[in-house]
Each structure stands twice: as structure tokens, then as C-alpha cells.
$ cat model.pdb   # PDB, C-alpha atoms and all ligand atoms
ATOM      1  CA  MET A   1      -7.989  13.004  12.655  1.00  0.00           C
ATOM      2  CA  ASP A   2      -6.874  15.163   9.733  1.00  0.00           C
ATOM      3  CA  ARG A   3      -3.522  13.416   9.259  1.00  0.00           C
ATOM      4  CA  LEU A   4      -5.554  10.648   7.554  1.00  0.00           C
ATOM      5  CA  GLU A   5      -6.988  11.704   4.196  1.00  0.00           C
ATOM      6  CA  VAL A   6      -8.976  10.056   1.433  1.00  0.00           C
ATOM      7  CA  VAL A   7      -8.318  11.311  -2.101  1.00  0.00           C
ATOM      8  CA  VAL A   8      -9.492  10.182  -5.522  1.00  0.00           C
ATOM      9  CA  GLY A   9      -6.961   9.812  -8.290  1.00  0.00           C
ATOM     10  CA  ASP A  10      -3.842   8.206  -9.650  1.00  0.00           C
ATOM     11  CA  ILE A  11      -1.364   7.365  -6.893  1.00  0.00           C
ATOM     12  CA  THR A  12       1.571   7.651  -9.292  1.00  0.00           C
ATOM     13  CA  ARG A  13       1.060  11.447  -9.430  1.00  0.00           C
ATOM     14  CA  LEU A  14       1.480  12.075  -5.708  1.00  0.00           C
ATOM     15  CA  ALA A  15       4.556  13.916  -4.453  1.00  0.00           C
ATOM     16  CA  LEU A  16       4.960  12.359  -1.011  1.00  0.00           C
ATOM     17  CA  ASP A  17       7.855  10.672   0.773  1.00  0.00           C
ATOM     18  CA  ALA A  18       6.517   7.278  -0.346  1.00  0.00           C
ATOM     19  CA  ILE A  19       3.740   5.673  -2.313  1.00  0.00           C
ATOM     20  CA  VAL A  20       2.794   2.069  -1.599  1.00  0.00           C
ATOM     21  CA  ASN A  21       2.576  -0.494  -4.374  1.00  0.00           C
ATOM     22  CA  ALA A  22       0.107  -3.407  -4.289  1.00  0.00           C
ATOM     23  CA  ALA A  23       2.658  -5.895  -5.577  1.00  0.00           C
ATOM     24  CA  ASN A  24       2.927  -9.676  -5.704  1.00  0.00           C
ATOM     25  CA  GLU A  25       5.494 -11.916  -4.024  1.00  0.00           C
ATOM     26  CA  ARG A  26       7.815 -11.995  -7.045  1.00  0.00           C
ATOM     27  CA  MET A  27       7.958  -8.176  -7.131  1.00  0.00           C
ATOM     28  CA  LEU A  28       8.609  -8.033 -10.866  1.00  0.00           C
ATOM     29  CA  GLY A  29       5.600  -5.945 -11.849  1.00  0.00           C
ATOM     30  CA  GLY A  30       2.092  -6.854 -12.927  1.00  0.00           C
ATOM     31  CA  GLY A  31      -1.235  -5.222 -13.754  1.00  0.00           C
ATOM     32  CA  GLY A  32      -3.341  -2.707 -11.825  1.00  0.00           C
ATOM     33  CA  VAL A  33      -1.563  -0.167  -9.678  1.00  0.00           C
ATOM     34  CA  ASP A  34       1.648  -2.233  -9.843  1.00  0.00           C
ATOM     35  CA  GLY A  35       1.813  -1.811 -13.622  1.00  0.00           C
ATOM     36  CA  ALA A  36       1.005   1.899 -13.358  1.00  0.00           C
ATOM     37  CA  ILE A  37       3.755   2.479 -10.779  1.00  0.00           C
ATOM     38  CA  HIS A  38       6.361   0.600 -12.842  1.00  0.00           C
ATOM     39  CA  ARG A  39       5.422   2.546 -15.980  1.00  0.00           C
ATOM     40  CA  ALA A  40       5.608   5.889 -14.199  1.00  0.00           C
ATOM     41  CA  ALA A  41       8.819   5.115 -12.282  1.00  0.00           C
ATOM     42  CA  GLY A  42      10.655   3.816 -15.343  1.00  0.00           C
ATOM     43  CA  PRO A  43      12.711   0.673 -15.945  1.00  0.00           C
ATOM     44  CA  GLU A  44      15.123   1.338 -13.074  1.00  0.00           C
ATOM     45  CA  LEU A  45      12.352   0.297 -10.698  1.00  0.00           C
ATOM     46  CA  LEU A  46      12.316  -3.223 -12.124  1.00  0.00           C
ATOM     47  CA  THR A  47      16.114  -3.384 -11.789  1.00  0.00           C
ATOM     48  CA  ALA A  48      15.852  -2.286  -8.149  1.00  0.00           C
ATOM     49  CA  CYS A  49      13.151  -4.893  -7.481  1.00  0.00           C
ATOM     50  CA  ARG A  50      15.254  -7.647  -9.056  1.00  0.00           C
ATOM     51  CA  ALA A  51      18.098  -6.708  -6.698  1.00  0.00           C
ATOM     52  CA  ILE A  52      15.958  -7.459  -3.640  1.00  0.00           C
ATOM     53  CA  PRO A  53      16.976 -10.898  -2.411  1.00  0.00           C
ATOM     54  CA  GLU A  54      14.537 -13.786  -2.626  1.00  0.00           C
ATOM     55  CA  VAL A  55      13.552 -15.227   0.750  1.00  0.00           C
ATOM     56  CA  ARG A  56      12.581 -18.441  -1.023  1.00  0.00           C
ATOM     57  CA  PRO A  57      12.402 -19.305  -4.711  1.00  0.00           C
ATOM     58  CA  GLY A  58      10.220 -16.768  -6.515  1.00  0.00           C
ATOM     59  CA  VAL A  59       9.445 -14.789  -3.339  1.00  0.00           C
ATOM     60  CA  ARG A  60      11.073 -11.406  -2.675  1.00  0.00           C
ATOM     61  CA  CYS A  61       8.295 -10.132  -0.435  1.00  0.00           C
ATOM     62  CA  PRO A  62       6.044 -12.606   1.392  1.00  0.00           C
ATOM     63  CA  THR A  63       2.341 -11.738   1.691  1.00  0.00           C
ATOM     64  CA  GLY A  64       1.820  -9.195   4.485  1.00  0.00           C
ATOM     65  CA  ASP A  65       5.422  -7.981   4.382  1.00  0.00           C
ATOM     66  CA  ALA A  66       6.936  -4.887   2.718  1.00  0.00           C
ATOM     67  CA  ARG A  67      10.103  -3.824   0.876  1.00  0.00           C
ATOM     68  CA  ILE A  68      11.397  -0.357  -0.088  1.00  0.00           C
ATOM     69  CA  THR A  69      12.996   0.953  -3.289  1.00  0.00           C
ATOM     70  CA  PRO A  70      13.690   4.440  -4.640  1.00  0.00           C
ATOM     71  CA  GLY A  71      10.907   6.082  -6.666  1.00  0.00           C
ATOM     72  CA  PHE A  72      13.117   6.903  -9.670  1.00  0.00           C
ATOM     73  CA  ASN A  73      10.993   8.978 -12.136  1.00  0.00           C
ATOM     74  CA  LEU A  74       8.058   9.257  -9.733  1.00  0.00           C
ATOM     75  CA  SER A  75       7.384  12.424  -7.766  1.00  0.00           C
ATOM     76  CA  ALA A  76       7.438  10.218  -4.656  1.00  0.00           C
ATOM     77  CA  ARG A  77      10.936   9.638  -3.250  1.00  0.00           C
ATOM     78  CA  TYR A  78      10.312   5.973  -2.444  1.00  0.00           C
ATOM     79  CA  VAL A  79       8.072   3.085  -3.364  1.00  0.00           C
ATOM     80  CA  ILE A  80       7.108   0.736  -0.547  1.00  0.00           C
ATOM     81  CA  HIS A  81       6.039  -2.559  -2.082  1.00  0.00           C
ATOM     82  CA  THR A  82       3.653  -4.697  -0.092  1.00  0.00           C
ATOM     83  CA  VAL A  83       1.804  -7.875  -0.993  1.00  0.00           C
ATOM     84  CA  GLY A  84      -1.832  -8.193  -0.012  1.00  0.00           C
ATOM     85  CA  PRO A  85      -3.685 -11.471   0.447  1.00  0.00           C
ATOM     86  CA  VAL A  86      -5.762 -13.032  -2.317  1.00  0.00           C
ATOM     87  CA  TRP A  87      -9.381 -13.113  -1.033  1.00  0.00           C
ATOM     88  CA  ARG A  88     -10.446 -16.748  -0.610  1.00  0.00           C
ATOM     89  CA  GLY A  89     -13.641 -16.166   1.363  1.00  0.00           C
ATOM     90  CA  GLY A  90     -12.224 -14.603   4.511  1.00  0.00           C
ATOM     91  CA  GLN A  91     -11.478 -17.710   6.581  1.00  0.00           C
ATOM     92  CA  GLU A  92      -7.865 -18.084   5.474  1.00  0.00           C
ATOM     93  CA  GLY A  93      -6.278 -15.303   7.481  1.00  0.00           C
ATOM     94  CA  GLU A  94      -6.994 -12.585   4.930  1.00  0.00           C
ATOM     95  CA  PRO A  95      -7.866  -9.806   7.429  1.00  0.00           C
ATOM     96  CA  ALA A  96      -4.713 -10.391   9.511  1.00  0.00           C
ATOM     97  CA  LEU A  97      -2.576 -10.458   6.367  1.00  0.00           C
ATOM     98  CA  LEU A  98      -4.113  -7.233   5.055  1.00  0.00           C
ATOM     99  CA  ARG A  99      -3.545  -5.556   8.450  1.00  0.00           C
ATOM    100  CA  ALA A 100       0.056  -6.752   8.286  1.00  0.00           C
ATOM    101  CA  CYS A 101       0.497  -5.053   4.868  1.00  0.00           C
ATOM    102  CA  TYR A 102      -0.475  -1.654   6.254  1.00  0.00           C
ATOM    103  CA  ARG A 103       1.531  -2.138   9.456  1.00  0.00           C
ATOM    104  CA  SER A 104       4.709  -3.335   7.751  1.00  0.00           C
ATOM    105  CA  SER A 105       4.548  -0.540   5.170  1.00  0.00           C
ATOM    106  CA  LEU A 106       4.141   2.101   7.892  1.00  0.00           C
ATOM    107  CA  LYS A 107       6.955   0.569   9.956  1.00  0.00           C
ATOM    108  CA  LEU A 108       9.256   0.650   6.931  1.00  0.00           C
ATOM    109  CA  ALA A 109       8.352   4.315   6.404  1.00  0.00           C
ATOM    110  CA  VAL A 110       9.253   5.170  10.001  1.00  0.00           C
ATOM    111  CA  ASP A 111      12.454   3.092   9.879  1.00  0.00           C
ATOM    112  CA  ASN A 112      13.522   5.130   6.835  1.00  0.00           C
ATOM    113  CA  GLY A 113      12.732   8.496   8.421  1.00  0.00           C
ATOM    114  CA  LEU A 114       9.719   9.182   6.177  1.00  0.00           C
ATOM    115  CA  HIS A 115       6.735  11.291   7.251  1.00  0.00           C
ATOM    116  CA  THR A 116       4.183  11.118   4.426  1.00  0.00           C
ATOM    117  CA  ILE A 117       2.816   8.090   2.584  1.00  0.00           C
ATOM    118  CA  ALA A 118      -0.013   7.138   0.230  1.00  0.00           C
ATOM    119  CA  PHE A 119      -1.695   3.739  -0.021  1.00  0.00           C
ATOM    120  CA  PRO A 120      -3.840   2.313  -2.805  1.00  0.00           C
ATOM    121  CA  ALA A 121      -6.701   0.019  -1.753  1.00  0.00           C
ATOM    122  CA  ILE A 122      -4.460  -3.027  -1.409  1.00  0.00           C
ATOM    123  CA  SER A 123      -5.949  -6.380  -2.520  1.00  0.00           C
ATOM    124  CA  THR A 124      -9.247  -4.873  -3.735  1.00  0.00           C
ATOM    125  CA  GLY A 125      -8.513  -5.263  -7.461  1.00  0.00           C
ATOM    126  CA  VAL A 126      -7.029  -8.437  -8.957  1.00  0.00           C
ATOM    127  CA  PHE A 127      -6.908 -10.026  -5.467  1.00  0.00           C
ATOM    128  CA  SER A 128     -10.712  -9.550  -4.970  1.00  0.00           C
ATOM    129  CA  TYR A 129     -10.791  -8.453  -1.299  1.00  0.00           C
ATOM    130  CA  PRO A 130     -14.239  -6.917  -0.587  1.00  0.00           C
ATOM    131  CA  PRO A 131     -13.708  -3.129  -0.692  1.00  0.00           C
ATOM    132  CA  ARG A 132     -15.702  -2.263   2.419  1.00  0.00           C
ATOM    133  CA  SER A 133     -13.906  -4.792   4.629  1.00  0.00           C
ATOM    134  CA  ALA A 134     -10.589  -3.711   3.168  1.00  0.00           C
ATOM    135  CA  ALA A 135     -11.405  -0.064   3.855  1.00  0.00           C
ATOM    136  CA  ARG A 136     -12.183  -0.921   7.488  1.00  0.00           C
ATOM    137  CA  VAL A 137      -8.800  -2.620   7.876  1.00  0.00           C
ATOM    138  CA  ALA A 138      -6.963   0.275   6.207  1.00  0.00           C
ATOM    139  CA  THR A 139      -8.575   3.001   8.288  1.00  0.00           C
ATOM    140  CA  ASP A 140      -8.280   1.056  11.579  1.00  0.00           C
ATOM    141  CA  VAL A 141      -4.573   0.372  11.150  1.00  0.00           C
ATOM    142  CA  CYS A 142      -3.777   3.887   9.936  1.00  0.00           C
ATOM    143  CA  ARG A 143      -5.648   5.536  12.812  1.00  0.00           C
ATOM    144  CA  ALA A 144      -3.958   3.339  15.403  1.00  0.00           C
ATOM    145  CA  PHE A 145      -0.564   4.055  13.824  1.00  0.00           C
ATOM    146  CA  LEU A 146      -1.113   7.840  13.795  1.00  0.00           C
ATOM    147  CA  ALA A 147      -2.216   7.771  17.423  1.00  0.00           C
ATOM    148  CA  GLU A 148       1.086   6.096  18.356  1.00  0.00           C
ATOM    149  CA  ASN A 149       3.287   8.130  15.992  1.00  0.00           C
ATOM    150  CA  SER A 150       2.612  11.791  16.662  1.00  0.00           C
ATOM    151  CA  GLY A 151       5.521  12.881  14.426  1.00  0.00           C
ATOM    152  CA  PHE A 152       4.115  11.170  11.351  1.00  0.00           C
ATOM    153  CA  GLU A 153       2.584  13.888   9.186  1.00  0.00           C
ATOM    154  CA  ARG A 154       0.219  12.392   6.672  1.00  0.00           C
ATOM    155  CA  ILE A 155      -1.335   9.160   5.418  1.00  0.00           C
ATOM    156  CA  VAL A 156      -3.281   9.409   2.160  1.00  0.00           C
ATOM    157  CA  LEU A 157      -5.673   6.601   1.220  1.00  0.00           C
ATOM    158  CA  VAL A 158      -6.034   6.771  -2.551  1.00  0.00           C
ATOM    159  CA  ALA A 159      -9.218   5.656  -4.264  1.00  0.00           C
ATOM    160  CA  PHE A 160      -8.960   5.132  -7.989  1.00  0.00           C
ATOM    161  CA  ARG A 161     -12.668   5.832  -8.546  1.00  0.00           C
ATOM    162  CA  GLU A 162     -15.170   8.035  -6.729  1.00  0.00           C
ATOM    163  CA  ALA A 163     -17.212   4.964  -5.675  1.00  0.00           C
ATOM    164  CA  ASP A 164     -14.152   3.542  -3.892  1.00  0.00           C
ATOM    165  CA  ALA A 165     -13.601   6.889  -2.175  1.00  0.00           C
ATOM    166  CA  ALA A 166     -17.137   6.865  -0.787  1.00  0.00           C
ATOM    167  CA  VAL A 167     -16.473   3.476   0.830  1.00  0.00           C
ATOM    168  CA  LEU A 168     -13.189   4.678   2.316  1.00  0.00           C
ATOM    169  CA  ARG A 169     -14.704   7.917   3.620  1.00  0.00           C
ATOM    170  CA  ALA A 170     -17.581   6.044   5.245  1.00  0.00           C
ATOM    171  CA  GLU A 171     -15.135   3.781   7.093  1.00  0.00           C
ATOM    172  CA  ALA A 172     -12.802   6.643   7.995  1.00  0.00           C
ATOM    173  CA  GLN A 173     -15.734   8.519   9.545  1.00  0.00           C
ATOM    174  CA  SER A 174     -17.238   5.529  11.326  1.00  0.00           C
ATOM    175  CA  THR A 175     -13.978   4.866  13.167  1.00  0.00           C
ATOM    176  CA  ALA A 176     -13.278   8.535  13.892  1.00  0.00           C
TER     177      ALA A 176
HETATM  178  N1  LIG B 201      -3.785   4.741  -8.540  1.00  0.00           N
HETATM  179  C1  LIG B 201      -4.522   4.371  -7.467  1.00  0.00           C
HETATM  180  N2  LIG B 201      -5.199   3.231  -7.374  1.00  0.00           N
HETATM  181  C2  LIG B 201      -5.151   2.403  -8.433  1.00  0.00           C
HETATM  182  C3  LIG B 201      -4.412   2.687  -9.600  1.00  0.00           C
HETATM  183  C4  LIG B 201      -3.710   3.919  -9.629  1.00  0.00           C
HETATM  184  N3  LIG B 201      -2.970   4.292 -10.669  1.00  0.00           N
HETATM  185  N4  LIG B 201      -4.569   1.655 -10.479  1.00  0.00           N
HETATM  186  C5  LIG B 201      -5.378   0.757  -9.888  1.00  0.00           C
HETATM  187  N5  LIG B 201      -5.745   1.208  -8.663  1.00  0.00           N
HETATM  188  P1  LIG B 201      -4.773  -3.987  -7.910  1.00  0.00           P
HETATM  189  P2  LIG B 201      -4.369  -6.052  -5.822  1.00  0.00           P
HETATM  190  C6  LIG B 201      -6.594   0.570  -7.652  1.00  0.00           C
HETATM  191  O1  LIG B 201      -5.419  -4.985  -8.803  1.00  0.00           O
HETATM  192  O2  LIG B 201      -5.820  -6.350  -5.787  1.00  0.00           O
HETATM  193  C7  LIG B 201      -1.129  -6.813  -9.833  1.00  0.00           C
HETATM  194  O3  LIG B 201      -1.061  -7.543 -11.032  1.00  0.00           O
HETATM  195  C8  LIG B 201      -7.591  -0.459  -8.110  1.00  0.00           C
HETATM  196  O4  LIG B 201      -8.761   0.167  -8.624  1.00  0.00           O
HETATM  197  O5  LIG B 201      -3.785  -3.040  -8.501  1.00  0.00           O
HETATM  198  O6  LIG B 201      -3.623  -5.908  -4.531  1.00  0.00           O
HETATM  199  C9  LIG B 201       0.035  -7.125  -8.888  1.00  0.00           C
HETATM  200  O7  LIG B 201       1.221  -7.427  -9.604  1.00  0.00           O
HETATM  201  C10 LIG B 201      -7.877  -1.203  -6.813  1.00  0.00           C
HETATM  202  O8  LIG B 201      -8.832  -0.490  -6.032  1.00  0.00           O
HETATM  203  O9  LIG B 201      -3.992  -4.724  -6.671  1.00  0.00           O
HETATM  204  C11 LIG B 201      -0.483  -8.325  -8.143  1.00  0.00           C
HETATM  205  O10 LIG B 201      -0.255  -9.522  -8.842  1.00  0.00           O
HETATM  206  C12 LIG B 201      -6.533  -1.140  -6.073  1.00  0.00           C
HETATM  207  O11 LIG B 201      -5.750  -0.171  -6.782  1.00  0.00           O
HETATM  208  C13 LIG B 201      -1.965  -8.074  -8.029  1.00  0.00           C
HETATM  209  O12 LIG B 201      -2.292  -7.213  -9.131  1.00  0.00           O
HETATM  210  C14 LIG B 201      -5.775  -2.451  -6.003  1.00  0.00           C
HETATM  211  O13 LIG B 201      -5.939  -3.175  -7.215  1.00  0.00           O
HETATM  212  C15 LIG B 201      -2.315  -7.337  -6.762  1.00  0.00           C
HETATM  213  O14 LIG B 201      -3.711  -7.220  -6.681  1.00  0.00           O
END

$ encode --input "model.pdb" --output "C-alpha cells"
Amino acid sequence: MDRLEVVVGDITRLALDAIVNAANERMLGGGGVDGAIHRAAGPELLTACRAIPEVRPGVRCPTGDARITPGFNLSARYVIHTVGPVWRGGQEGEPALLRACYRSSLKLAVDNGLHTIAFPAISTGVFSYPPRSAARVATDVCRAFLAENSGFERIVLVAFREADAAVLRAEAQSTA
């Protein structure tokens, strides 16, 4: 299915309707791809994140959920912030929560009339989710979504390094 692509590179450079941020529940920035997106978008992104109401103290976006802001200085029009699970061995609902990240981000894209989106490998950095299992979740959810949403044009899975891309491509092919 060629509407699902794997590319290697820096997600902040992509000119799509939305790029997805691997955020945390506070949504006030951090390291990894979150830090890169905030740096590239500029300080208005932090202001926009602060304006998102907390659902409970310190939580703007619960794990598995997603929120949308403009992209400001990015080439992408929007940033969809989602919060992946911290890997704690796999028996604490991590796969369902990671699936929920991809699903809620894609739903938010559709609800906002968007047609192209890029995802980083959510949870596979600081949050330690095993890359191969995470790649399986990402490709499964994206394929199922594209099958049900024929008008959606493009989902790009972004690998930061070539080794990560190989894992994603292997999963994308094995579920084709
Ligand atoms: N473009 C694409 N992918 C990237 C980029 C980039 N510019 N930079 C890193 N990656 P991580 P997480 C890859 O740690 O595990 C933050 O502090 C990276 O190689 O960014 O969900 C947040 O504030 C890895 O494959 O996100 C949270 O507190 C993937 O992005 C926490 O980290 C995800 O790594 C979230 O941890």
C-alpha cells in the first residue's frame, strides 16, 4: 500500500499537513524529537501548548491521547502531540497505549480535515519501547486506518537512523 511510506531523516523538515510529536503528559517540551520540534517551530509552540487545558494537574495530554497545535515556523501546518507509554516490560498495557497514540493522532488529523501526516517512532527513544514491537504496532494501525479512510493521502513513518528504517520497512512489508 503506497500511501504508507518509510523515510529516514529529521521529521522537523517535512512539509506535510501535520507532523506528530512524541511528547509527554505535561506537553511543555523535552528531549528527543520533542525538543527538536520545539526548536524548529519556535517559542510560539510552547505558548500554544501551555494554552491547552490540563485534564488533571500536570497533565494536558494523557498517555495514548493526542492534541493539535499550529506548526508555527515548521514547514508542517500542524503539530499533533501524542504521548506514548513508558516501556515497563510489556505487561502494563503498553501495546494498547501505543496503538491508541497512532489511532488518536490519525483521528485528530481526519477531524481537522488533514490528508498527510508523519510519525516518529513514538516511545522508542527515552521511553524505551522495543523498536521492532513498536514498528509492528505503527504499521498495523496505519494500514488499518488507510484501508478505512480511502481519502487519506499519505502516512510517513520517519526513522531517525537507517537501522530504525530497516526495522520499520521489515514490519511494513510483513504486514503488506
Ligand atoms: N526526527 C525524527 N525522529 C527523531 C528525531 C527527529 N528530529 N529526533 C529523535 N527521533 P524520543 P519517546 C527519534 O526519545 O521515546 C522526550 O523528552 C528517536 O531516535 O524522542 O516517545 C519527551 O518530552 C526515536 O526513535 O521519544 C518525552 O518526555 C524516536 O524519535 C519523552 O522524550 C522517539 O524518541 C518521549 O519519549

$ closest_residue --input "model.pdb" --among "A:Val33, A:Ala109, A:Leu46, A:Met27" --to "ligand LIG 201 (chain B)" --atoms "only C-alpha atoms and all ligand atoms"
A:Val33

$ axis_aligned_box --input "model.pdb" --around "ligand LIG 201 (chain B)" --padding-each-side "8 Å" --output "AutoDock Vina command-line options"
--center_x -3.8 --center_y -2.4 --center_z -7.8 --size_x 26.1 --size_y 30.3 --size_z 22.5

$ resolve_selection --input "model.pdb" --expression "the PyMOL selection byres (((chain A and resi 126-130) around 9) and not hetatm)" --output "list in words"
Gly31, Gly32, Gly84, Pro85, Val86, Trp87, Arg88, Gly89, Gly90, Glu94, Ile122, Ser123, Thr124, Gly125, Pro131, Arg132, Ser133, Ala134 and Ala135 of chain A

$ atom_distance --input "model.pdb" --atom1 "CA of Glu25 (chain A)" --atom2 "CA of Pro95 (chain A)"
17.7 Å

$ residues_near_point --input "model.pdb" --point "(12.6, 9.0, -5.7)" --cutoff "10 Å" --atoms "all atoms listed in the file" --output "list of chain:residue names"
A:Ala15, A:Leu16, A:Asp17, A:Ala18, A:Ala41, A:Thr69, A:Pro70, A:Gly71, A:Phe72, A:Asn73, A:Leu74, A:Ser75, A:Ala76, A:Arg77, A:Tyr78, A:Val79

$ atom_distance --input "model.pdb" --atom1 "atom O14 of ligand LIG 201 (chain B)" --atom2 "CA of Gly29 (chain A)"
10.7 Å

$ closest_residue --input "model.pdb" --among "A:Ala165, A:Val156, A:Ala36, A:Cys101" --to "ligand LIG 201 (chain B)" --atoms "only C-alpha atoms and all ligand atoms"
A:Ala36

$ atom_distance --input "model.pdb" --atom1 "atom O1 of ligand LIG 201 (chain B)" --atom2 "CA of His115 (chain A)"
25.9 Å

$ closest_residue --input "model.pdb" --among "A:Cys61, A:Ala172, A:Ala40, A:Ala121" --to "ligand LIG 201 (chain B)" --atoms "all atoms listed in the file"
A:Ala121

$ closest_residue --input "model.pdb" --among "A:Ile19, A:Ile68, A:Ile155, A:Val141" --to "ligand LIG 201 (chain B)" --atoms "all atoms listed in the file"
A:Ile19

$ closest_residue --input "model.pdb" --among "A:Ala144, A:Ala118, A:Leu168, A:Leu28" --to "Glu44 (chain A)" --atoms "all atoms listed in the file"
A:Leu28

$ closest_residue --input "model.pdb" --among "A:Ala147, A:Leu45, A:Leu4, A:Val158" --to "ligand LIG 201 (chain B)" --atoms "all atoms listed in the file"
A:Val158

$ decode --input "model.pdb" --residues "region 44-125 of chain A" --atoms "C-alpha atoms" --output "PDB file, in the first residue's frame"
ATOM      1  CA  GLU A  44       5.118  30.143  19.936  1.00  0.00           C
ATOM      2  CA  LEU A  45       4.727  26.370  20.072  1.00  0.00           C
ATOM      3  CA  LEU A  46       5.389  26.336  23.811  1.00  0.00           C
ATOM      4  CA  THR A  47       2.853  29.150  24.273  1.00  0.00           C
ATOM      5  CA  ALA A  48       0.271  27.165  22.294  1.00  0.00           C
ATOM      6  CA  CYS A  49       0.976  24.042  24.365  1.00  0.00           C
ATOM      7  CA  ARG A  50       0.598  25.976  27.622  1.00  0.00           C
ATOM      8  CA  ALA A  51      -2.827  27.151  26.429  1.00  0.00           C
ATOM      9  CA  ILE A  52      -4.092  23.569  26.182  1.00  0.00           C
ATOM     10  CA  PRO A  53      -6.150  22.919  29.299  1.00  0.00           C
ATOM     11  CA  GLU A  54      -4.939  20.434  31.886  1.00  0.00           C
ATOM     12  CA  VAL A  55      -7.237  17.442  32.344  1.00  0.00           C
ATOM     13  CA  ARG A  56      -5.703  16.922  35.778  1.00  0.00           C
ATOM     14  CA  PRO A  57      -2.790  18.634  37.500  1.00  0.00           C
ATOM     15  CA  GLY A  58       0.288  18.469  35.274  1.00  0.00           C
ATOM     16  CA  VAL A  59      -1.498  16.531  32.506  1.00  0.00           C
ATOM     17  CA  ARG A  60      -2.518  18.231  29.250  1.00  0.00           C
ATOM     18  CA  CYS A  61      -2.474  15.053  27.186  1.00  0.00           C
ATOM     19  CA  PRO A  62      -2.937  11.676  28.891  1.00  0.00           C
ATOM     20  CA  THR A  63      -0.862   8.746  27.601  1.00  0.00           C
ATOM     21  CA  GLY A  64      -2.416   7.353  24.410  1.00  0.00           C
ATOM     22  CA  ASP A  65      -4.297  10.564  23.634  1.00  0.00           C
ATOM     23  CA  ALA A  66      -3.441  13.402  21.217  1.00  0.00           C
ATOM     24  CA  ARG A  67      -3.705  17.200  20.969  1.00  0.00           C
ATOM     25  CA  ILE A  68      -3.221  19.557  17.996  1.00  0.00           C
ATOM     26  CA  THR A  69      -1.444  22.914  17.684  1.00  0.00           C
ATOM     27  CA  PRO A  70      -0.297  25.010  14.727  1.00  0.00           C
ATOM     28  CA  GLY A  71       3.188  24.284  13.356  1.00  0.00           C
ATOM     29  CA  PHE A  72       4.379  27.908  13.529  1.00  0.00           C
ATOM     30  CA  ASN A  73       7.883  28.053  11.918  1.00  0.00           C
ATOM     31  CA  LEU A  74       7.752  24.432  10.758  1.00  0.00           C
ATOM     32  CA  SER A  75       7.031  23.518   7.153  1.00  0.00           C
ATOM     33  CA  ALA A  76       4.222  21.331   8.520  1.00  0.00           C
ATOM     34  CA  ARG A  77       0.955  23.214   9.092  1.00  0.00           C
ATOM     35  CA  TYR A  78       0.173  21.436  12.363  1.00  0.00           C
ATOM     36  CA  VAL A  79       1.827  19.501  15.143  1.00  0.00           C
ATOM     37  CA  ILE A  80      -0.167  16.631  16.617  1.00  0.00           C
ATOM     38  CA  HIS A  81       1.225  15.883  20.060  1.00  0.00           C
ATOM     39  CA  THR A  82       0.759  12.384  21.387  1.00  0.00           C
ATOM     40  CA  VAL A  83       2.126  10.686  24.483  1.00  0.00           C
ATOM     41  CA  GLY A  84       3.455   7.162  24.176  1.00  0.00           C
ATOM     42  CA  PRO A  85       3.729   4.681  27.033  1.00  0.00           C
ATOM     43  CA  VAL A  86       6.936   4.204  29.003  1.00  0.00           C
ATOM     44  CA  TRP A  87       8.048   0.578  28.395  1.00  0.00           C
ATOM     45  CA  ARG A  88       7.835  -1.333  31.686  1.00  0.00           C
ATOM     46  CA  GLY A  89       8.241  -4.853  30.312  1.00  0.00           C
ATOM     47  CA  GLY A  90       5.121  -5.117  28.178  1.00  0.00           C
ATOM     48  CA  GLN A  91       2.603  -6.376  30.740  1.00  0.00           C
ATOM     49  CA  GLU A  92       1.291  -2.956  31.743  1.00  0.00           C
ATOM     50  CA  GLY A  93      -0.854  -2.174  28.732  1.00  0.00           C
ATOM     51  CA  GLU A  94       1.974  -0.711  26.666  1.00  0.00           C
ATOM     52  CA  PRO A  95       0.894  -2.168  23.284  1.00  0.00           C
ATOM     53  CA  ALA A  96      -2.707  -0.938  23.659  1.00  0.00           C
ATOM     54  CA  LEU A  97      -1.485   2.504  24.715  1.00  0.00           C
ATOM     55  CA  LEU A  98       0.916   2.737  21.771  1.00  0.00           C
ATOM     56  CA  ARG A  99      -1.881   1.683  19.379  1.00  0.00           C
ATOM     57  CA  ALA A 100      -4.049   4.382  20.941  1.00  0.00           C
ATOM     58  CA  CYS A 101      -1.360   7.020  20.188  1.00  0.00           C
ATOM     59  CA  TYR A 102      -1.411   6.244  16.472  1.00  0.00           C
ATOM     60  CA  ARG A 103      -5.207   5.957  16.356  1.00  0.00           C
ATOM     61  CA  SER A 104      -5.902   9.175  18.255  1.00  0.00           C
ATOM     62  CA  SER A 105      -3.368  11.115  16.179  1.00  0.00           C
ATOM     63  CA  LEU A 106      -4.920   9.875  12.923  1.00  0.00           C
ATOM     64  CA  LYS A 107      -8.437  10.629  14.180  1.00  0.00           C
ATOM     65  CA  LEU A 108      -7.386  14.169  15.081  1.00  0.00           C
ATOM     66  CA  ALA A 109      -5.922  14.571  11.586  1.00  0.00           C
ATOM     67  CA  VAL A 110      -9.191  13.484   9.970  1.00  0.00           C
ATOM     68  CA  ASP A 111     -11.279  15.640  12.331  1.00  0.00           C
ATOM     69  CA  ASN A 112      -9.210  18.650  11.224  1.00  0.00           C
ATOM     70  CA  GLY A 113      -9.532  17.899   7.509  1.00  0.00           C
ATOM     71  CA  LEU A 114      -5.872  16.894   7.090  1.00  0.00           C
ATOM     72  CA  HIS A 115      -4.664  14.389   4.487  1.00  0.00           C
ATOM     73  CA  THR A 116      -0.935  13.881   5.087  1.00  0.00           C
ATOM     74  CA  ILE A 117       0.914  13.126   8.319  1.00  0.00           C
ATOM     75  CA  ALA A 118       4.324  11.958   9.525  1.00  0.00           C
ATOM     76  CA  PHE A 119       5.045   9.982  12.690  1.00  0.00           C
ATOM     77  CA  PRO A 120       8.327   9.492  14.529  1.00  0.00           C
ATOM     78  CA  ALA A 121       8.864   6.100  16.189  1.00  0.00           C
ATOM     79  CA  ILE A 122       6.839   7.009  19.270  1.00  0.00           C
ATOM     80  CA  SER A 123       8.136   5.675  22.623  1.00  0.00           C
ATOM     81  CA  THR A 124      11.262   4.057  21.131  1.00  0.00           C
ATOM     82  CA  GLY A 125      13.731   6.628  22.497  1.00  0.00           C
TER      83      GLY A 125
END
